[in-house]
file query_5.txt (compact mmCIF, C-alpha atoms and all ligand atoms)
# COMPACT_ATOMS: atom_id res chain seq x y z
CA MET A 1 11.06 9.90 -13.32
CA ASP A 2 13.93 10.19 -10.83
CA PHE A 3 14.30 7.79 -7.92
CA MET A 4 12.85 10.04 -5.20
CA GLU A 5 9.87 10.88 -7.40
CA LEU A 6 9.24 7.16 -7.91
CA VAL A 7 9.53 6.39 -4.19
CA LYS A 8 7.04 9.11 -3.38
CA LYS A 9 4.64 8.13 -6.16
CA ARG A 10 4.26 4.51 -5.00
CA ARG A 11 1.20 3.72 -2.90
CA SER A 12 -0.45 0.57 -1.63
CA ILE A 13 -3.30 0.04 -4.10
CA ARG A 14 -6.43 -1.77 -2.93
CA LYS A 15 -8.69 -1.28 -5.98
CA TYR A 16 -7.74 -2.54 -9.43
CA LYS A 17 -8.97 -2.36 -13.01
CA PRO A 18 -9.43 -5.77 -14.64
CA ASP A 19 -7.20 -4.79 -17.62
CA PRO A 20 -4.47 -7.33 -18.30
CA VAL A 21 -0.82 -6.51 -17.57
CA PRO A 22 1.53 -6.95 -20.56
CA LYS A 23 3.87 -9.90 -20.07
CA LYS A 24 6.89 -7.74 -20.90
CA ASP A 25 6.04 -5.49 -17.94
CA ILE A 26 5.74 -8.48 -15.62
CA GLU A 27 9.13 -9.66 -16.86
CA TYR A 28 10.56 -6.17 -16.34
CA ILE A 29 9.53 -6.00 -12.70
CA LEU A 30 10.72 -9.56 -12.07
CA GLU A 31 14.10 -8.57 -13.46
CA ALA A 32 14.22 -5.80 -10.84
CA ALA A 33 13.50 -8.42 -8.14
CA ARG A 34 16.19 -10.70 -9.58
CA GLN A 35 18.84 -7.97 -9.33
CA ALA A 36 18.33 -7.49 -5.57
CA PRO A 37 21.21 -8.00 -3.16
CA SER A 38 20.98 -10.91 -0.74
CA TRP A 39 22.84 -12.70 2.06
CA THR A 40 26.12 -13.96 0.49
CA ASN A 41 24.28 -13.68 -2.82
CA ARG A 42 22.27 -16.81 -2.04
CA GLN A 43 19.10 -15.42 -3.61
CA CYS A 44 16.69 -17.36 -1.42
CA TRP A 45 13.71 -16.19 -3.48
CA ARG A 46 11.20 -17.84 -5.73
CA TYR A 47 8.23 -15.99 -7.26
CA ILE A 48 4.99 -17.51 -8.49
CA ILE A 49 2.91 -15.47 -10.94
CA VAL A 50 -0.76 -16.31 -10.60
CA SER A 51 -3.24 -15.19 -13.24
CA ASP A 52 -5.91 -17.91 -12.94
CA GLU A 53 -8.97 -16.23 -11.37
CA ALA A 54 -10.11 -19.18 -9.26
CA THR A 55 -6.60 -19.58 -7.84
CA ARG A 56 -6.34 -15.85 -7.15
CA LYS A 57 -9.55 -16.01 -5.16
CA LYS A 58 -8.36 -19.07 -3.26
CA ILE A 59 -5.02 -17.67 -2.09
CA THR A 60 -6.08 -14.44 -0.44
CA THR A 61 -8.50 -13.63 2.31
CA ARG A 62 -9.51 -10.26 0.84
CA GLU A 63 -11.70 -10.00 -2.26
CA TRP A 64 -9.99 -6.84 -3.55
CA THR A 65 -6.64 -8.59 -3.76
CA ALA A 66 -8.03 -11.17 -6.19
CA GLU A 67 -9.59 -8.44 -8.35
CA ALA A 68 -6.17 -7.55 -9.74
CA PRO A 69 -5.44 -9.61 -12.86
CA ILE A 70 -2.18 -10.95 -11.36
CA ILE A 71 -1.01 -11.95 -7.91
CA ILE A 72 2.70 -12.36 -7.35
CA VAL A 73 3.57 -14.70 -4.50
CA GLY A 74 7.01 -14.33 -2.92
CA CYS A 75 8.51 -17.44 -1.32
CA GLY A 76 11.84 -17.70 0.47
CA ASP A 77 14.08 -20.60 1.46
CA PRO A 78 15.22 -19.93 5.06
CA THR A 79 18.23 -22.24 4.61
CA LYS A 80 19.54 -20.02 1.80
CA ALA A 81 20.19 -17.01 4.02
CA GLY A 82 21.79 -16.28 7.36
CA ASN A 83 20.15 -16.59 10.72
CA LYS A 84 22.30 -14.50 12.99
CA ASP A 85 21.41 -13.64 16.58
CA GLU A 86 17.87 -14.89 15.94
CA LYS A 87 17.47 -12.58 12.97
CA PRO A 88 16.30 -14.64 10.00
CA TYR A 89 17.79 -12.84 7.02
CA TYR A 90 15.70 -14.62 4.41
CA MET A 91 12.89 -12.27 5.42
CA LEU A 92 15.14 -9.30 4.75
CA ASP A 93 16.33 -10.70 1.41
CA MET A 94 12.71 -11.22 0.39
CA GLY A 95 11.82 -7.72 1.54
CA ILE A 96 14.56 -6.13 -0.53
CA SER A 97 13.75 -8.17 -3.62
CA MET A 98 10.02 -7.61 -3.40
CA GLU A 99 10.45 -3.91 -2.85
CA HIS A 100 12.60 -3.76 -6.01
CA LEU A 101 9.69 -5.43 -7.78
CA ILE A 102 7.13 -3.08 -6.27
CA LEU A 103 9.07 0.05 -7.21
CA ALA A 104 9.62 -1.24 -10.75
CA ALA A 105 5.86 -1.82 -10.99
CA ALA A 106 5.21 1.77 -9.85
CA GLU A 107 7.59 2.99 -12.56
CA LYS A 108 5.42 1.16 -15.12
CA GLY A 109 2.22 2.74 -13.73
CA LEU A 110 1.19 -0.55 -12.11
CA GLY A 111 -0.31 -0.86 -8.65
CA THR A 112 0.80 -3.27 -5.94
CA CYS A 113 0.17 -3.81 -2.26
CA TRP A 114 2.40 -5.72 0.09
CA ILE A 115 0.28 -8.48 1.64
CA GLY A 116 1.86 -10.00 4.70
CA GLY A 117 -1.13 -10.61 6.90
CA GLN A 118 -4.06 -11.36 4.69
CA PHE A 119 -3.36 -14.85 3.49
CA ASP A 120 -3.21 -18.29 5.03
CA GLU A 121 0.19 -19.82 4.31
CA LYS A 122 -1.19 -23.35 4.42
CA VAL A 123 -3.88 -22.53 1.85
CA VAL A 124 -1.37 -20.81 -0.46
CA ARG A 125 1.07 -23.68 -0.07
CA GLU A 126 -1.56 -26.23 -1.04
CA ALA A 127 -3.06 -24.21 -3.90
CA LEU A 128 0.31 -23.50 -5.54
CA GLY A 129 2.29 -26.60 -4.56
CA VAL A 130 4.88 -24.66 -2.55
CA PRO A 131 7.34 -27.21 -1.10
CA GLU A 132 8.12 -27.46 2.62
CA SER A 133 11.61 -26.04 1.91
CA HIS A 134 10.11 -22.58 1.34
CA ARG A 135 8.03 -20.15 3.38
CA VAL A 136 5.39 -18.02 1.73
CA VAL A 137 6.68 -14.62 2.82
CA ALA A 138 4.36 -12.15 1.13
CA LEU A 139 2.29 -11.57 -1.92
CA THR A 140 1.13 -8.64 -3.94
CA PRO A 141 -1.66 -8.01 -6.37
CA LEU A 142 -0.45 -6.47 -9.63
CA GLY A 143 -2.61 -4.45 -11.98
CA TYR A 144 -3.65 -0.99 -13.07
CA PRO A 145 -4.82 1.14 -10.12
CA ASP A 146 -8.50 2.06 -9.96
CA GLU A 147 -7.93 4.51 -7.11
CA SER A 148 -5.49 7.28 -6.27
CA PRO A 149 -4.95 7.13 -2.53
CA ALA A 150 -3.35 10.09 -0.79
CA ALA A 151 0.11 9.66 0.67
CA LYS A 152 0.08 8.30 4.20
CA ASP A 153 1.92 10.06 7.02
CA ARG A 154 5.47 9.16 7.78
CA LYS A 155 7.52 9.81 10.90
CA SER A 156 9.44 13.05 10.77
CA MET A 157 13.16 12.97 10.06
CA ALA A 158 13.75 13.91 13.73
CA GLU A 159 11.73 10.91 14.95
CA MET A 160 13.56 8.60 12.58
CA VAL A 161 17.18 9.70 12.77
CA THR A 162 19.82 10.64 15.28
CA TRP A 163 23.36 11.38 14.28
CA GLU A 164 26.36 9.78 15.97
CA LYS A 165 24.37 8.19 18.88
CA TRP A 166 20.85 6.97 19.77
C1 LIG A 201 5.57 -6.26 5.23
C2 LIG A 201 4.27 -5.56 4.90
C3 LIG A 201 3.09 -6.25 5.05
C4 LIG A 201 1.87 -5.64 4.70
N1 LIG A 201 0.72 -6.37 4.77
C5 LIG A 201 -0.44 -5.82 4.39
C6 LIG A 201 -1.64 -6.58 4.38
O1 LIG A 201 -1.68 -7.77 4.73
N2 LIG A 201 -2.78 -5.98 3.93
C7 LIG A 201 -2.80 -4.68 3.49
O2 LIG A 201 -3.87 -4.21 3.10
N3 LIG A 201 -1.67 -3.92 3.49
C8 LIG A 201 -0.50 -4.45 3.92
N4 LIG A 201 0.66 -3.71 3.88
C9 LIG A 201 0.64 -2.33 3.35
C10 LIG A 201 0.80 -1.26 4.44
O3 LIG A 201 -0.41 -1.17 5.17
C11 LIG A 201 1.17 0.07 3.76
O4 LIG A 201 2.43 -0.06 3.13
C12 LIG A 201 1.24 1.23 4.76
O5 LIG A 201 -0.03 1.48 5.33
C13 LIG A 201 1.73 2.53 4.10
O6 LIG A 201 0.90 2.89 2.99
P1 LIG A 201 1.52 3.07 1.54
O7 LIG A 201 2.11 1.74 1.14
O8 LIG A 201 0.38 3.46 0.65
O9 LIG A 201 2.58 4.12 1.61
C14 LIG A 201 1.86 -4.29 4.25
C15 LIG A 201 3.08 -3.61 4.12
C16 LIG A 201 4.27 -4.23 4.42
C17 LIG A 201 5.57 -3.47 4.21
call {"tool": "encode", "arguments": {"input": "query_5.txt", "output": "structure tokens"}}
result
Amino acid sequence: MDFMELVKKRRSIRKYKPDPVPKKDIEYILEAARQAPSWTNRQCWRYIIVSDEATRKKITTREWTAEAPIIIVGCGDPTKAGNKDEKPYYMLDMGISMEHLILAAAEKGLGTCWIGGQFDEKVVREALGVPESHRVVALTPLGYPDESPAAKDRKSMAEMVTWEKW
């Protein structure tokens, strides 16, 4: 599958089969996350792989998220990235790394869904023992899709791009 095909194949998946994900595939997608670029290569990230069902249920506010056999929780250390002109780059570093992970999962036929809003950071922190040094940035369920959602609309090229000036 070429890169553009992969990018277009990926979808946010909100219904999962209970089938387990092979550990070698989890390691493969984590390697993709590990290879991401970051602010002065500081690699602010830390990932927690959660398979325990009770913990999965505890750390999200949506039942479907916990139905996937794995939840990957992405944490970032804000002191390990720049904060320039009130732009906290640890969020960007985490975004790049997690998107590497998500695309690698799609390549393996695995579903994911960025979860930024549907968790309570305090609850996740307590359940997983995340230290105060790190923020819980996002999480994603990981498992085999049990739905095939249609592609969602995107802005046109003309809405997204101008050449030379705004
Ligand atoms: C940073 C970020 C946070 C998101 N948070 C959530 C979320 O909390 N819950 C959810 O169901 N989807 C969430 N999404 C998924 C988006 O809704 C989804 O990417 C968008 O609707 C486009 O659909 P697609 O991913 O299938 O192309 C999030 C996506 C991003 C990039």
call {"tool": "residues_near_ligand", "arguments": {"input": "query_5.txt", "ligand": "ligand LIG 201 (chain A)", "cutoff": "10 Å", "atoms": "only C-alpha atoms and all ligand atoms", "output": "PyMOL selection string"}}
result
chain A and resi 7-14+60-62+64-65+91+94-95+98-99+112-119+137-140+148-154
call {"tool": "closest_residue", "arguments": {"input": "query_5.txt", "among": "A:His100, A:Arg135, A:Lys17, A:Arg42", "to": "Glu121 (chain A)", "atoms": "all atoms listed in the file"}}
result
A:Arg135
call {"tool": "atom_distance", "arguments": {"input": "query_5.txt", "atom1": "CA of Pro78 (chain A)", "atom2": "CA of Cys44 (chain A)"}}
result
7.1 Å
call {"tool": "atom_distance", "arguments": {"input": "query_5.txt", "atom1": "CA of Gly109 (chain A)", "atom2": "CA of Trp45 (chain A)"}}
result
24.4 Å
call {"tool": "atom_distance", "arguments": {"input": "query_5.txt", "atom1": "CA of Pro145 (chain A)", "atom2": "CA of Leu103 (chain A)"}}
result
14.2 Å
call {"tool": "closest_residue", "arguments": {"input": "query_5.txt", "among": "A:Pro22, A:Gly111, A:Pro37, A:Pro69", "to": "Tyr90 (chain A)", "atoms": "all atoms listed in the file"}}
result
A:Pro37
call {"tool": "closest_residue", "arguments": {"input": "query_5.txt", "among": "A:Leu142, A:Leu110, A:Val50, A:Ile26", "to": "Ala68 (chain A)", "atoms": "only C-alpha atoms"}}
result
A:Leu142
call {"tool": "closest_residue", "arguments": {"input": "query_5.txt", "among": "A:Ser133, A:Gln43, A:Thr162, A:Thr55", "to": "Ile96 (chain A)", "atoms": "all atoms listed in the file"}}
result
A:Gln43
call {"tool": "closest_residue", "arguments": {"input": "query_5.txt", "among": "A:Pro20, A:Pro88, A:Gly129, A:Gly82", "to": "Ile70 (chain A)", "atoms": "only C-alpha atoms"}}
result
A:Pro20
call {"tool": "closest_residue", "arguments": {"input": "query_5.txt", "among": "A:Asp52, A:Met160, A:Tyr47, A:Lys15", "to": "Glu147 (chain A)", "atoms": "only C-alpha atoms"}}
result
A:Lys15
call {"tool": "build_atoms", "arguments": {"input": "query_5.txt", "residues": "region 55-77 of chain A", "atoms": "N, CA, C and O atoms", "output": "short mmCIF file (atom, residue, chain, number, x, y, z; two decimals), in the coordinates of the input"}}
result
data_model
loop_
_atom_site.label_atom_id
_atom_site.label_comp_id
_atom_site.auth_asym_id
_atom_site.auth_seq_id
_atom_site.Cartn_x
_atom_site.Cartn_y
_atom_site.Cartn_z
N THR A 55 -7.76 -19.45 -8.75
CA THR A 55 -6.60 -19.58 -7.84
C THR A 55 -6.37 -18.27 -7.09
O THR A 55 -6.09 -18.26 -5.89
N ARG A 56 -6.52 -17.16 -7.81
CA ARG A 56 -6.34 -15.85 -7.15
C ARG A 56 -7.30 -15.71 -5.99
O ARG A 56 -6.95 -15.26 -4.90
N LYS A 57 -8.54 -16.14 -6.22
CA LYS A 57 -9.55 -16.01 -5.16
C LYS A 57 -9.22 -16.93 -3.98
O LYS A 57 -9.48 -16.59 -2.83
N LYS A 58 -8.66 -18.08 -4.30
CA LYS A 58 -8.36 -19.07 -3.26
C LYS A 58 -7.24 -18.59 -2.32
O LYS A 58 -7.27 -18.83 -1.12
N ILE A 59 -6.24 -17.90 -2.87
CA ILE A 59 -5.02 -17.67 -2.09
C ILE A 59 -5.01 -16.39 -1.26
O ILE A 59 -4.02 -16.13 -0.57
N THR A 60 -6.07 -15.61 -1.33
CA THR A 60 -6.08 -14.44 -0.44
C THR A 60 -7.36 -14.43 0.38
O THR A 60 -8.36 -15.06 0.01
N THR A 61 -7.31 -13.70 1.46
CA THR A 61 -8.50 -13.63 2.31
C THR A 61 -9.26 -12.32 2.09
O THR A 61 -10.20 -12.04 2.80
N ARG A 62 -8.81 -11.52 1.14
CA ARG A 62 -9.51 -10.26 0.84
C ARG A 62 -9.89 -10.24 -0.64
O ARG A 62 -9.03 -10.45 -1.51
N GLU A 63 -11.18 -9.96 -0.89
CA GLU A 63 -11.70 -10.00 -2.26
C GLU A 63 -10.95 -9.04 -3.20
O GLU A 63 -10.64 -9.38 -4.34
N TRP A 64 -10.62 -7.84 -2.68
CA TRP A 64 -9.99 -6.84 -3.55
C TRP A 64 -8.65 -7.31 -4.08
O TRP A 64 -8.24 -6.92 -5.17
N THR A 65 -7.96 -8.12 -3.32
CA THR A 65 -6.64 -8.59 -3.76
C THR A 65 -6.78 -9.42 -5.03
O THR A 65 -6.00 -9.30 -5.97
N ALA A 66 -7.83 -10.26 -5.05
CA ALA A 66 -8.03 -11.17 -6.19
C ALA A 66 -8.60 -10.43 -7.40
O ALA A 66 -8.66 -10.99 -8.50
N GLU A 67 -9.05 -9.20 -7.21
CA GLU A 67 -9.59 -8.44 -8.35
C GLU A 67 -8.50 -7.98 -9.31
O GLU A 67 -8.75 -7.73 -10.49
N ALA A 68 -7.28 -7.87 -8.83
CA ALA A 68 -6.17 -7.55 -9.74
C ALA A 68 -5.95 -8.75 -10.67
O ALA A 68 -6.14 -9.90 -10.25
N PRO A 69 -5.56 -8.49 -11.91
CA PRO A 69 -5.44 -9.61 -12.86
C PRO A 69 -4.29 -10.58 -12.55
O PRO A 69 -4.26 -11.69 -13.05
N ILE A 70 -3.35 -10.11 -11.72
CA ILE A 70 -2.18 -10.95 -11.36
C ILE A 70 -1.96 -10.86 -9.85
O ILE A 70 -2.13 -9.79 -9.25
N ILE A 71 -1.57 -11.98 -9.28
CA ILE A 71 -1.01 -11.95 -7.91
C ILE A 71 0.39 -12.56 -7.99
O ILE A 71 0.58 -13.63 -8.58
N ILE A 72 1.34 -11.83 -7.42
CA ILE A 72 2.70 -12.36 -7.35
C ILE A 72 2.96 -12.83 -5.92
O ILE A 72 2.76 -12.08 -4.96
N VAL A 73 3.35 -14.09 -5.82
CA VAL A 73 3.57 -14.70 -4.50
C VAL A 73 5.07 -14.86 -4.29
O VAL A 73 5.75 -15.49 -5.11
N GLY A 74 5.58 -14.28 -3.22
CA GLY A 74 7.01 -14.33 -2.92
C GLY A 74 7.30 -15.39 -1.87
O GLY A 74 6.78 -15.33 -0.75
N CYS A 75 8.14 -16.36 -2.25
CA CYS A 75 8.51 -17.44 -1.32
C CYS A 75 10.01 -17.38 -1.07
O CYS A 75 10.78 -17.03 -1.97
N GLY A 76 10.42 -17.73 0.14
CA GLY A 76 11.84 -17.70 0.47
C GLY A 76 12.27 -18.99 1.14
O GLY A 76 11.51 -19.58 1.90
N ASP A 77 13.51 -19.40 0.85
CA ASP A 77 14.08 -20.60 1.46
C ASP A 77 14.94 -20.15 2.64
O ASP A 77 16.02 -19.58 2.44
#
